[in-house]
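Asker: This is the content of entry.pdb (PDB, C-alpha atoms):
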MODEL        1
ATOM      1  CA  MET A  19    -215.406  26.438-171.208
ATOM      2  CA  PRO A  20    -218.134  27.920-173.371
ATOM      3  CA  ASN A  21    -220.949  25.753-174.555
ATOM      4  CA  LEU A  22    -220.562  25.425-178.324
ATOM      5  CA  LYS A  23    -223.743  24.569-180.060
ATOM      6  CA  ARG A  24    -223.544  23.054-183.483
ATOM      7  CA  SER A  25    -226.053  25.450-184.925
ATOM      8  CA  ARG A  26    -224.079  28.534-183.910
ATOM      9  CA  PHE A  27    -220.512  27.708-184.976
ATOM     10  CA  ILE A  28    -220.563  24.562-187.091
ATOM     11  CA  PRO A  29    -223.083  24.331-189.900
ATOM     12  CA  LYS A  30    -225.203  21.186-190.004
ATOM     13  CA  HIS A  31    -223.843  20.227-193.406
ATOM     14  CA  ALA A  32    -220.178  20.442-192.319
ATOM     15  CA  PRO A  33    -219.704  16.701-191.572
ATOM     16  CA  SER A  34    -221.107  15.702-194.969
ATOM     17  CA  LEU A  35    -218.988  18.374-196.656
ATOM     18  CA  ALA A  36    -215.882  17.065-194.907
ATOM     19  CA  ALA A  37    -216.706  13.512-196.012
ATOM     20  CA  LEU A  38    -217.192  14.715-199.577
ATOM     21  CA  VAL A  39    -213.833  16.509-199.537
ATOM     22  CA  ALA A  40    -212.123  13.389-198.142
ATOM     23  CA  VAL A  41    -213.639  11.146-200.836
ATOM     24  CA  TYR A  42    -212.642  13.629-203.552
ATOM     25  CA  ALA A  43    -209.071  13.770-202.216
ATOM     26  CA  LEU A  44    -208.788   9.972-202.182
ATOM     27  CA  PHE A  45    -210.211   9.707-205.686
ATOM     28  CA  THR A  46    -207.860  12.377-207.031
ATOM     29  CA  THR A  47    -204.831  10.759-205.402
ATOM     30  CA  SER A  48    -205.818   7.334-206.721
ATOM     31  CA  THR A  49    -206.288   8.687-210.234
ATOM     32  CA  GLN A  50    -202.913  10.425-210.167
ATOM     33  CA  ALA A  51    -201.219   7.248-208.913
ATOM     34  CA  GLN A  52    -202.767   5.235-211.745
ATOM     35  CA  GLN A  53    -201.633   7.779-214.315
ATOM     36  CA  MET A  54    -198.089   7.798-212.967
ATOM     37  CA  GLY A  55    -197.819   4.026-212.734
ATOM     38  CA  SER A  56    -195.646   2.319-210.211
ATOM     39  CA  PRO A  57    -192.208   3.647-209.284
ATOM     40  CA  LEU A  58    -190.768   0.518-210.899
ATOM     41  CA  ASP A  59    -192.372   1.466-214.226
ATOM     42  CA  PHE A  60    -190.737   4.881-213.974
ATOM     43  CA  VAL A  61    -187.323   3.368-213.233
ATOM     44  CA  ASN A  62    -187.693   0.892-216.098
ATOM     45  CA  SER A  63    -188.567   3.630-218.559
ATOM     46  CA  GLN A  64    -185.595   5.707-217.409
ATOM     47  CA  LEU A  65    -183.222   2.744-217.756
ATOM     48  CA  ALA A  66    -184.571   1.954-221.222
ATOM     49  CA  GLU A  67    -184.005   5.545-222.317
ATOM     50  CA  GLN A  68    -180.497   5.487-220.867
ATOM     51  CA  MET A  69    -179.691   2.276-222.752
ATOM     52  CA  LYS A  70    -180.969   3.768-226.033
ATOM     53  CA  ASN A  71    -178.754   6.801-225.516
ATOM     54  CA  GLN A  72    -175.791   4.576-224.718
ATOM     55  CA  VAL A  73    -176.300   2.544-227.909
ATOM     56  CA  ARG A  74    -176.502   5.765-229.944
ATOM     57  CA  ALA A  75    -173.282   7.009-228.365
ATOM     58  CA  MET A  76    -171.499   3.682-228.840
ATOM     59  CA  SER A  77    -172.487   3.711-232.538
ATOM     60  CA  ASP A  78    -170.531   6.895-233.192
ATOM     61  CA  PRO A  79    -167.924   6.071-235.880
ATOM     62  CA  ASP A  80    -165.248   8.119-234.116
ATOM     63  CA  LEU A  81    -165.810   6.221-230.882
ATOM     64  CA  ILE A  82    -165.706   2.855-232.670
ATOM     65  CA  LYS A  83    -162.416   3.810-234.315
ATOM     66  CA  ALA A  84    -160.961   4.931-230.979
ATOM     67  CA  GLN A  85    -161.989   1.647-229.360
ATOM     68  CA  ALA A  86    -160.346  -0.337-232.157
ATOM     69  CA  GLN A  87    -157.141   1.668-231.769
ATOM     70  CA  LEU A  88    -157.189   1.057-228.021
ATOM     71  CA  GLN A  89    -157.660  -2.691-228.513
ATOM     72  CA  ARG A  90    -154.758  -2.742-231.000
ATOM     73  CA  LYS A  91    -152.488  -0.901-228.560
ATOM     74  CA  TYR A  92    -153.485  -3.358-225.822
ATOM     75  CA  TYR A  93    -152.727  -6.313-228.117
ATOM     76  CA  ASP A  94    -149.337  -4.850-229.089
ATOM     77  CA  ALA A  95    -148.501  -4.203-225.425
ATOM     78  CA  LEU A  96    -149.354  -7.809-224.525
ATOM     79  CA  VAL A  97    -147.095  -9.155-227.288
ATOM     80  CA  GLU A  98    -144.329  -6.758-226.253
ATOM     81  CA  ALA A  99    -144.748  -7.929-222.630
ATOM     82  CA  GLY A 100    -143.946 -11.496-223.694
ATOM     83  CA  PHE A 101    -147.290 -13.064-224.567
ATOM     84  CA  SER A 102    -147.490 -14.992-227.809
ATOM     85  CA  LYS A 103    -149.692 -13.537-230.547
ATOM     86  CA  GLU A 104    -152.242 -16.276-229.908
ATOM     87  CA  GLU A 105    -152.269 -15.615-226.147
ATOM     88  CA  ALA A 106    -152.578 -11.868-226.701
ATOM     89  CA  LEU A 107    -155.476 -12.407-229.100
ATOM     90  CA  LYS A 108    -157.241 -14.679-226.598
ATOM     91  CA  ILE A 109    -156.819 -12.043-223.894
ATOM     92  CA  ILE A 110    -158.202  -9.340-226.210
ATOM     93  CA  VAL A 111    -161.200 -11.500-227.155
ATOM     94  CA  ALA A 112    -161.858 -12.413-223.517
ATOM     95  CA  THR A 113    -161.655  -8.747-222.521
ATOM     96  CA  ALA A 114    -163.986  -7.678-225.340
ATOM     97  CA  THR A 115    -166.592 -10.328-224.516
ATOM     98  CA  GLY A 116    -166.374  -9.801-220.762
ATOM     99  CA  GLU A 117    -165.001 -13.235-219.923
ATOM    100  CA  ASN A 118    -162.981 -13.474-216.720
ATOM    101  CA  ASN A 119    -160.976 -16.604-217.527
TER
ENDMDL
END
Could you rewrite the structure in this file as structure tokens?

Answerer:
Amino acid sequence: MPNLKRSRFIPKHAPSLAALVAVYALFTTSTQAQQMGSPLDFVNSQLAEQMKNQVRAMSDPDLIKAQAQLQRKYYDALVEAGFSKEEALKIIVATATGENN
């Protein structure tokens, strides 16, 4: 194995240069991580945007009208199936509010 002298193949300043590069890389990575925030912050912002879009979509007058027509058809079907008007209305209200009783 050849005898490698530092002065011939590896400059004397190489270890300090390598340390400087390592520190710079850590600093850059840390700065980027701080700018990005945590993954949870990213997920929260995405969910918030999704909810805003959902509210906008649910506010569409055509969609609201279609939902009302669907609820009316459901109510009529319940009455036709033998439920009293009061029972059918309670079922519709429970369905609309998400109650499972």

Asker: Separation of atom CA of A:Phe101 and atom CA of A:Asp80, in Å?

Answerer: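 The value is 29.4 Å.
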
Asker: Counting all atoms listed in the file, figure out which residue out of A:Ser102, A:Thr113, A:Ser56, A:Ser63 gets nearest to A:Gln89.

Answerer: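 Closest to A:Gln89, using all atoms listed in the file: A:Thr113.
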
Asker: For A:Ala114, list every protein, DNA or RNA residue within 12 Å, evaluated using all atoms listed in the file, and leave out those in the same chain fewer than 5 positions away; present the list as a list in words.

Answerer: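 Result of the neighbour search: Gln85, Ala86, Leu88, Gln89, Arg90, Tyr92, Tyr93, Leu107, Lys108 and Ile109 of chain A.
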
Asker: Please compute the atom CA of A:Leu96-atom CA of A:Glu117 distance, one decimal, in Å.

Answerer: 17.2 Å
